[in-house]
Amino acid sequence: MTKPVHAKTKALLSGNEAVARGAWEAGCTVAAAYPGTPSTEILENIITYPEINTEWSINEKVALEVVAGACFAGARCLTAMKHVGLNVAADPMFTMGYSGVTGGLMIVSADDPGMWSSQNEQDNRHYGRHAKIPILEPSDSDEAKLFTKLGFELSEKFDTPVILRLTTRICHSTCLVDLEDRKEVTIKGYAKDIKKRLVLPAHARLLHVNVEERLKKIAQYSNVFAYNRIERGKKTLGIIASGISYQYAKEVFPNASFLKLSLTFPLPEKLIRKFARKVKKIIVVEEGDPILETEIKALGIKVTGKERIPLCNELTPKVLRESFSKKQKAKTKKDTIPPRPPVLCPGCPHRGVFYVINKLKLVATGDIGCYTLGALPPLNAMDTCICMGASVTNAQGLEKALGKDFSKKLVAVIGDSTFFHSGITGLANAVYNKGNLNLIILDNFTTAMTGHQPHPGTGKLPRGEQGKRIPPEDIARGCGVELIKVVDPDNLKETEAAIKEALTFDGVAVLIFRKPCALLIKPRPPFIIDSELCNGCRLCLRIGCPAISLISPEEREKPLAVIDQALCNGCGLCVQLCNRNAIITPPIK
Amino acid sequence: MSRGIVNQNMTNIIICGVGGQGIILASNVLCSAAFLEGLDVKKSEVHGMAQRGGSVITHVRFGTKVYSPLIEEGTGNFILAFEKLEALRYIHYLKKGGITLVNEREIPPMSVLVGTASYPKDIEKKLKKHGTTYFIDAANVASELGNIRTVNIILLGVLSKFLSFKEESWEQAITENVKQRFVELNITAFHRGRHI
Ligand SMILES: Cc1ncc(C[n+]2csc(CCOP(=O)(O)OP(=O)(O)O)c2C)c(N)n1
């Protein structure tokens, strides 16, 4: 349960809960975000603080631009996103770096080393350097809260947005946090200032000079920033680390001297040189890319880092220890254990569509969400997944290269939240460019993957109030799509017929498969399998439902299907597949 | 089962199982209890993809001072596994002489359901090679209590016997972490586990 913590002095908080708390304590009044693991719970927790005006924005670019507007008004404001979200929001971010701030502006980037729930492992510390925006890196929840507050101060002091860079193990780790009260900060109000906010070339040239000056000032400040600190230990070994790497290094090298960095861009040159003079040898402990290492080496200081520590995958205490241990890695023989990847839930409304795509042997450009799991066996019904929205446009490109005939066996599959995030532009593009796109929108009335956030297709607002609902079919109509159908995905016959119709249709077709996420509805009564009728043909296994498995009754030579009564939620998909009508509603006792 | 003695400087506990089994709630209760005992606590878990019926692992560490929220392989004092295959998957986290508490449940992964892999048959033997192993039929206890969702707290009750936390800390931790109308049920479940 996420619970708002208001009056205690110490509490156990995840990094995400701590950022939300920090924003609240700092007097933040506006926050906007688009969900994305591992950042989602930041806004979810901010929503529990009524003093902060929040919204789930349509995507990360929109969210950053919304808070930029609030920043113009002189309000303290925050946006949060997963690492790839910052790619989407990069456009406004770079220019906000020039424009600077009126009210403090925090951009939270939650990176995902190890790709627990992501499509790449990009290291967003590069973005600070690229956009010339300072970066704060907390190493636990307590610092996550503190640095959120300090970030607002830094932002206003130096007239710049500030990036708060988190990683999965900060966001989703819990530890003790000191709580303080909220300090209200009055919204300064809007005053026109085109030299600052109308960033056309003449103004931008001046602003760029400011940015370079500002970075020099922050670099000076970085030397005296209290959380860039030297921790004295043995002189033989010095460790430079930030974020979660600092915690792992403390574990692996308990006696070393440490330079713990928290304001990691721009780097504190003087402090680093001072530390280098004090210790014999330096190791830079970094997860991801050798960013600190490269910059410290450029100062002419000799350090060890990535020649030992892996570039790929997340850092752990064990990986760090093994990187520097003289012993050969002990090769432990591991048992072969069947993997357990995530699966579409029992009763998931996406399942039927994927069953049909697989049955018709279609090429399916895919997208990101729960439905990406349709790519796994036994459904095997997705060919691509690059980034949000790419299903629509990748299909367009395939047709461009291979011709109209190829589009007769090609569908693009996108979730409802993803459609609003970045599918609409691709749809308009296909109509305009006379494509033969067959777009399947899986409309489960929610953003399921990230824990059920509302979006325009649901019309719900963050605190449960009713907003205005935008049905995807209205958008399709507005874009000039000529074949639009709304279909029940639990009806396999209708699903197949609709997909076939779209494939043969000349022009852009949009099929909306509409049924609420199985986790949001009351389960229907489970089905059972009549063991007298079942002949073990395995047809029902083709939908990959976790509730259906095979057992081998002693008296029969072939294993028979059974339905787990605790898992089945009565969607009835399997009933439509059984040739022997063996899947039935249990007789009422 | 007897009360084990645990180093109060640092205790490492892995809780693992299948997404949807209530693992995160169990680890939250454990953390709150350690906090109420005045210890430094850290917990790490993963959300997102991992929760849709996938393999789930959380790390819980408590003691006088905790740095890393992750437990290093081979240093776990306890593994509390909600499912047998998952116990085997993470058994390398256990240190020599560590204790594994395993729920008797078998949940076949998709590869087993569709017949491309088989569920290992010798899990018990393999687990026992790594340390002391106890098997618990938590589903049975939960069905006696009339609510299968109490399995997580029953298993926590079993774990509690090996830790020296006060009973009040556990009860308060449960109260703070579960919905109010389920508090009583879960406290009962906890005690049933504690007295298995
Ligand atoms: C740029 C970007 N932002 C956020 C995410 C995280 N994310 C992945 S899928 C998804 C939304 C899924 O919702 P929907 O399209 O409705 O599909 P569902 O999960 O409900 O099936 C989100 C927010 C991402 N991968 N990339």
# chains A, B, ... in the order shown; residues from 1 in each chain; ligands from 1
$ residues_around --residues "region 132-136 of chain B" --least-positions-apart "3" --cutoff "9 Å" --atoms "only C-alpha atoms" --output "MDAnalysis selection string"
chainID B and resid 1 97:105 124 127:129 139 155 158 196
$ residues_near_ligand --ligand "ligand 1" --cutoff "6 Å" --atoms "only C-alpha atoms and all ligand atoms" --output "number ranges by chain"
A: 35-37, 84-85, 88, 368-371, 388, 415-418, 444, 446-450
$ interface_residues --of "chain A" --to "chain B" --cutoff "9 Å" --atoms "only C-alpha atoms" --output "MDAnalysis selection string"
chainID A and resid 1 11:12 14 36:38 116:118 140 168:170 172:176 244:251 316:318 334:335 337:345 369:370 377:378 449:451 538 541:542 544:546 548:550
$ residues_around --residues "Leu520 (chain A)" --least-positions-apart "2" --cutoff "10 Å" --atoms "only C-alpha atoms" --output "list in words"
Asn444, Phe445, Thr446, Ala448, His452, Pro516, Cys517, Ala518, Lys522 and Pro523 of chain A
$ select_by_dssp --residues "region 1-190 of chain B" --states "alpha helix (DSSP H)" --output "number ranges by chain"
B: 23-36, 84-89, 110-113, 123-130, 138-144, 151-160, 167-177, 183-190
$ residues_around --residues "Gln565 (chain A)" --least-positions-apart "4" --cutoff "10 Å" --atoms "only C-alpha atoms" --output "PyMOL selection string"
chain A and resi 525-528+547-548+569-570
$ write_last_selection --atoms "all heavy atoms" --output "CSV table (one decimal), in the first residue's frame"
chain,number,residue,atom,x,y,z
A,525,PRO,N,-17.0,-16.5,-13.1
A,525,PRO,CA,-16.8,-17.8,-12.5
A,525,PRO,C,-15.8,-18.7,-13.4
A,525,PRO,O,-15.9,-18.6,-14.6
A,525,PRO,CB,-18.2,-18.4,-12.4
A,525,PRO,CG,-19.1,-17.5,-13.0
A,525,PRO,CD,-18.4,-16.2,-13.3
A,526,PRO,N,-14.9,-19.4,-12.8
A,526,PRO,CA,-14.0,-20.2,-13.5
A,526,PRO,C,-14.6,-21.3,-14.3
A,526,PRO,O,-15.7,-21.8,-13.9
A,526,PRO,CB,-13.0,-20.8,-12.5
A,526,PRO,CG,-13.8,-20.7,-11.2
A,526,PRO,CD,-14.7,-19.6,-11.3
A,527,PHE,N,-14.0,-21.8,-15.4
A,527,PHE,CA,-14.4,-22.9,-16.1
A,527,PHE,C,-13.7,-24.2,-15.6
A,527,PHE,O,-12.7,-24.1,-15.0
A,527,PHE,CB,-14.1,-22.8,-17.6
A,527,PHE,CG,-15.0,-21.7,-18.3
A,527,PHE,CD1,-14.7,-20.4,-18.4
A,527,PHE,CD2,-16.3,-22.1,-18.7
A,527,PHE,CE1,-15.5,-19.5,-19.0
A,527,PHE,CE2,-17.1,-21.2,-19.3
A,527,PHE,CZ,-16.7,-19.9,-19.5
A,528,ILE,N,-14.3,-25.3,-15.9
A,528,ILE,CA,-13.6,-26.6,-15.6
A,528,ILE,C,-13.5,-27.4,-16.9
A,528,ILE,O,-14.2,-27.1,-17.9
A,528,ILE,CB,-14.3,-27.4,-14.5
A,528,ILE,CG1,-15.8,-27.7,-14.9
A,528,ILE,CG2,-14.3,-26.7,-13.2
A,528,ILE,CD1,-16.4,-28.8,-14.0
A,547,ALA,N,-3.5,-20.5,-16.5
A,547,ALA,CA,-4.4,-21.3,-15.7
A,547,ALA,C,-4.6,-22.7,-16.3
A,547,ALA,O,-5.1,-23.5,-15.6
A,547,ALA,CB,-5.8,-20.6,-15.6
A,548,ILE,N,-4.2,-22.9,-17.5
A,548,ILE,CA,-4.4,-24.2,-18.1
A,548,ILE,C,-3.1,-25.0,-18.2
A,548,ILE,O,-2.0,-24.5,-18.6
A,548,ILE,CB,-4.9,-24.1,-19.6
A,548,ILE,CG1,-6.1,-23.2,-19.6
A,548,ILE,CG2,-5.3,-25.5,-20.1
A,548,ILE,CD1,-6.7,-22.9,-21.0
A,569,ASN,N,-10.1,-16.8,-14.7
A,569,ASN,CA,-11.1,-15.7,-14.3
A,569,ASN,C,-12.3,-15.7,-15.3
A,569,ASN,O,-13.0,-14.8,-15.4
A,569,ASN,CB,-10.4,-14.4,-14.2
A,569,ASN,CG,-10.3,-13.6,-15.4
A,569,ASN,OD1,-10.5,-14.2,-16.5
A,569,ASN,ND2,-10.1,-12.3,-15.3
A,570,GLY,N,-12.4,-16.9,-16.0
A,570,GLY,CA,-13.7,-17.1,-16.7
A,570,GLY,C,-13.8,-16.3,-18.0
A,570,GLY,O,-14.9,-15.9,-18.4
$ residues_around --residues "Pro134 (chain A)" --least-positions-apart "3" --cutoff "9 Å" --atoms "only C-alpha atoms" --output "ChimeraX atom specification"
/A:128-129,131,154-155,160-164,215,218,263-266
$ residues_around --residues "Thr186 (chain A)" --least-positions-apart "3" --cutoff "10 Å" --atoms "only C-alpha atoms" --output "list in words"
Gly27, Cys28, Thr29, Gly74, Ala75, Arg76, Gly103, Lys183 and Gly189 of chain A
$ residues_around --residues "Asn186 (chain B)" --least-positions-apart "5" --cutoff "8 Å" --atoms "only C-alpha atoms" --output "number ranges by chain"
B: 150, 153, 174
$ write_last_selection --atoms "N, CA, C and O atoms" --output "short mmCIF file (atom, residue, chain, number, x, y, z; two decimals), in the first residue's frame"
data_model
loop_
_atom_site.label_atom_id
_atom_site.label_comp_id
_atom_site.auth_asym_id
_atom_site.auth_seq_id
_atom_site.Cartn_x
_atom_site.Cartn_y
_atom_site.Cartn_z
N THR B 150 -3.59 -15.20 2.56
CA THR B 150 -2.80 -15.05 3.80
C THR B 150 -1.51 -15.86 3.77
O THR B 150 -0.73 -15.83 4.72
N ILE B 153 1.71 -14.01 4.79
CA ILE B 153 1.90 -13.67 6.20
C ILE B 153 2.13 -14.93 7.05
O ILE B 153 2.86 -14.91 8.04
N ILE B 174 2.43 -5.49 10.86
CA ILE B 174 1.30 -5.97 10.04
C ILE B 174 0.22 -4.89 9.99
O ILE B 174 -0.29 -4.54 8.92
#
$ atom_distance --atom1 "CA of Asp490 (chain A)" --atom2 "CA of Ile357 (chain A)"
13.9 Å
$ closest_residue --among "A:Cys312, A:Leu402, A:Met382, A:Leu166" --to "Gly114 (chain A)" --atoms "only C-alpha atoms"
A:Cys312
$ decode --residues "region 165-190 of chain B" --atoms "N, CA, C and O atoms" --output "JSON list (two decimals), in the first residue's frame"
[["chain", "number", "residue", "atom", "x", "y", "z"],
["B", 165, "PHE", "N", 12.81, -10.73, 17.06],
["B", 165, "PHE", "CA", 11.95, -9.55, 17.19],
["B", 165, "PHE", "C", 10.82, -9.83, 18.18],
["B", 165, "PHE", "O", 10.32, -10.94, 18.26],
["B", 166, "LYS", "N", 10.41, -8.76, 18.85],
["B", 166, "LYS", "CA", 9.27, -8.88, 19.78],
["B", 166, "LYS", "C", 7.98, -9.13, 19.00],
["B", 166, "LYS", "O", 7.81, -8.60, 17.90],
["B", 167, "GLU", "N", 7.08, -9.86, 19.61],
["B", 167, "GLU", "CA", 5.80, -10.13, 18.95],
["B", 167, "GLU", "C", 5.04, -8.84, 18.64],
["B", 167, "GLU", "O", 4.41, -8.72, 17.58],
["B", 168, "GLU", "N", 5.16, -7.86, 19.54],
["B", 168, "GLU", "CA", 4.44, -6.59, 19.31],
["B", 168, "GLU", "C", 4.95, -5.90, 18.04],
["B", 168, "GLU", "O", 4.19, -5.23, 17.34],
["B", 169, "SER", "N", 6.27, -6.02, 17.81],
["B", 169, "SER", "CA", 6.82, -5.37, 16.60],
["B", 169, "SER", "C", 6.18, -5.97, 15.36],
["B", 169, "SER", "O", 5.81, -5.26, 14.43],
["B", 170, "TRP", "N", 6.07, -7.29, 15.34],
["B", 170, "TRP", "CA", 5.46, -7.95, 14.19],
["B", 170, "TRP", "C", 4.01, -7.50, 14.02],
["B", 170, "TRP", "O", 3.57, -7.18, 12.92],
["B", 171, "GLU", "N", 3.27, -7.49, 15.14],
["B", 171, "GLU", "CA", 1.85, -7.14, 15.04],
["B", 171, "GLU", "C", 1.68, -5.71, 14.56],
["B", 171, "GLU", "O", 0.82, -5.41, 13.74],
["B", 172, "GLN", "N", 2.53, -4.83, 15.08],
["B", 172, "GLN", "CA", 2.41, -3.44, 14.65],
["B", 172, "GLN", "C", 2.80, -3.30, 13.17],
["B", 172, "GLN", "O", 2.16, -2.57, 12.41],
["B", 173, "ALA", "N", 3.82, -4.05, 12.78],
["B", 173, "ALA", "CA", 4.26, -4.00, 11.38],
["B", 173, "ALA", "C", 3.14, -4.46, 10.45],
["B", 173, "ALA", "O", 2.91, -3.86, 9.40],
["B", 174, "ILE", "N", 2.43, -5.49, 10.86],
["B", 174, "ILE", "CA", 1.30, -5.97, 10.04],
["B", 174, "ILE", "C", 0.22, -4.89, 9.99],
["B", 174, "ILE", "O", -0.29, -4.54, 8.92],
["B", 175, "THR", "N", -0.09, -4.32, 11.14],
["B", 175, "THR", "CA", -1.12, -3.29, 11.20],
["B", 175, "THR", "C", -0.81, -2.11, 10.27],
["B", 175, "THR", "O", -1.68, -1.56, 9.63],
["B", 176, "GLU", "N", 0.48, -1.76, 10.22],
["B", 176, "GLU", "CA", 0.86, -0.60, 9.40],
["B", 176, "GLU", "C", 0.83, -0.89, 7.91],
["B", 176, "GLU", "O", 0.75, 0.02, 7.10],
["B", 177, "ASN", "N", 0.92, -2.16, 7.54],
["B", 177, "ASN", "CA", 1.10, -2.47, 6.12],
["B", 177, "ASN", "C", -0.09, -3.09, 5.40],
["B", 177, "ASN", "O", -0.08, -3.16, 4.18],
["B", 178, "VAL", "N", -1.07, -3.60, 6.14],
["B", 178, "VAL", "CA", -2.21, -4.20, 5.43],
["B", 178, "VAL", "C", -3.45, -3.33, 5.61],
["B", 178, "VAL", "O", -3.56, -2.54, 6.55],
["B", 179, "LYS", "N", -4.39, -3.48, 4.68],
["B", 179, "LYS", "CA", -5.64, -2.72, 4.75],
["B", 179, "LYS", "C", -6.33, -3.04, 6.06],
["B", 179, "LYS", "O", -6.33, -4.18, 6.53],
["B", 180, "GLN", "N", -6.95, -2.02, 6.63],
["B", 180, "GLN", "CA", -7.48, -2.15, 7.98],
["B", 180, "GLN", "C", -8.40, -3.35, 8.18],
["B", 180, "GLN", "O", -8.29, -4.07, 9.17],
["B", 181, "ARG", "N", -9.25, -3.62, 7.17],
["B", 181, "ARG", "CA", -10.20, -4.70, 7.40],
["B", 181, "ARG", "C", -9.54, -6.09, 7.35],
["B", 181, "ARG", "O", -10.15, -7.07, 7.73],
["B", 182, "PHE", "N", -8.29, -6.16, 6.92],
["B", 182, "PHE", "CA", -7.61, -7.46, 6.89],
["B", 182, "PHE", "C", -6.58, -7.62, 8.02],
["B", 182, "PHE", "O", -5.91, -8.64, 8.10],
["B", 183, "VAL", "N", -6.47, -6.61, 8.89],
["B", 183, "VAL", "CA", -5.44, -6.66, 9.93],
["B", 183, "VAL", "C", -5.62, -7.87, 10.84],
["B", 183, "VAL", "O", -4.69, -8.66, 11.05],
["B", 184, "GLU", "N", -6.83, -8.05, 11.32],
["B", 184, "GLU", "CA", -7.07, -9.12, 12.28],
["B", 184, "GLU", "C", -6.75, -10.49, 11.67],
["B", 184, "GLU", "O", -6.05, -11.31, 12.25],
["B", 185, "LEU", "N", -7.26, -10.69, 10.47],
["B", 185, "LEU", "CA", -7.03, -11.95, 9.75],
["B", 185, "LEU", "C", -5.53, -12.21, 9.58],
["B", 185, "LEU", "O", -5.04, -13.32, 9.82],
["B", 186, "ASN", "N", -4.80, -11.17, 9.22],
["B", 186, "ASN", "CA", -3.37, -11.36, 8.98],
["B", 186, "ASN", "C", -2.59, -11.59, 10.27],
["B", 186, "ASN", "O", -1.60, -12.32, 10.27],
["B", 187, "ILE", "N", -3.03, -10.97, 11.35],
["B", 187, "ILE", "CA", -2.35, -11.24, 12.62],
["B", 187, "ILE", "C", -2.59, -12.69, 13.04],
["B", 187, "ILE", "O", -1.68, -13.39, 13.48],
["B", 188, "THR", "N", -3.81, -13.17, 12.83],
["B", 188, "THR", "CA", -4.11, -14.58, 13.10],
["B", 188, "THR", "C", -3.22, -15.47, 12.23],
["B", 188, "THR", "O", -2.61, -16.43, 12.71],
["B", 189, "ALA", "N", -3.13, -15.12, 10.95],
["B", 189, "ALA", "CA", -2.32, -15.91, 10.02],
["B", 189, "ALA", "C", -0.86, -15.93, 10.46],
["B", 189, "ALA", "O", -0.20, -16.97, 10.44],
["B", 190, "PHE", "N", -0.38, -14.77, 10.90],
["B", 190, "PHE", "CA", 1.00, -14.67, 11.37],
["B", 190, "PHE", "C", 1.25, -15.66, 12.52],
["B", 190, "PHE", "O", 2.23, -16.40, 12.53]]
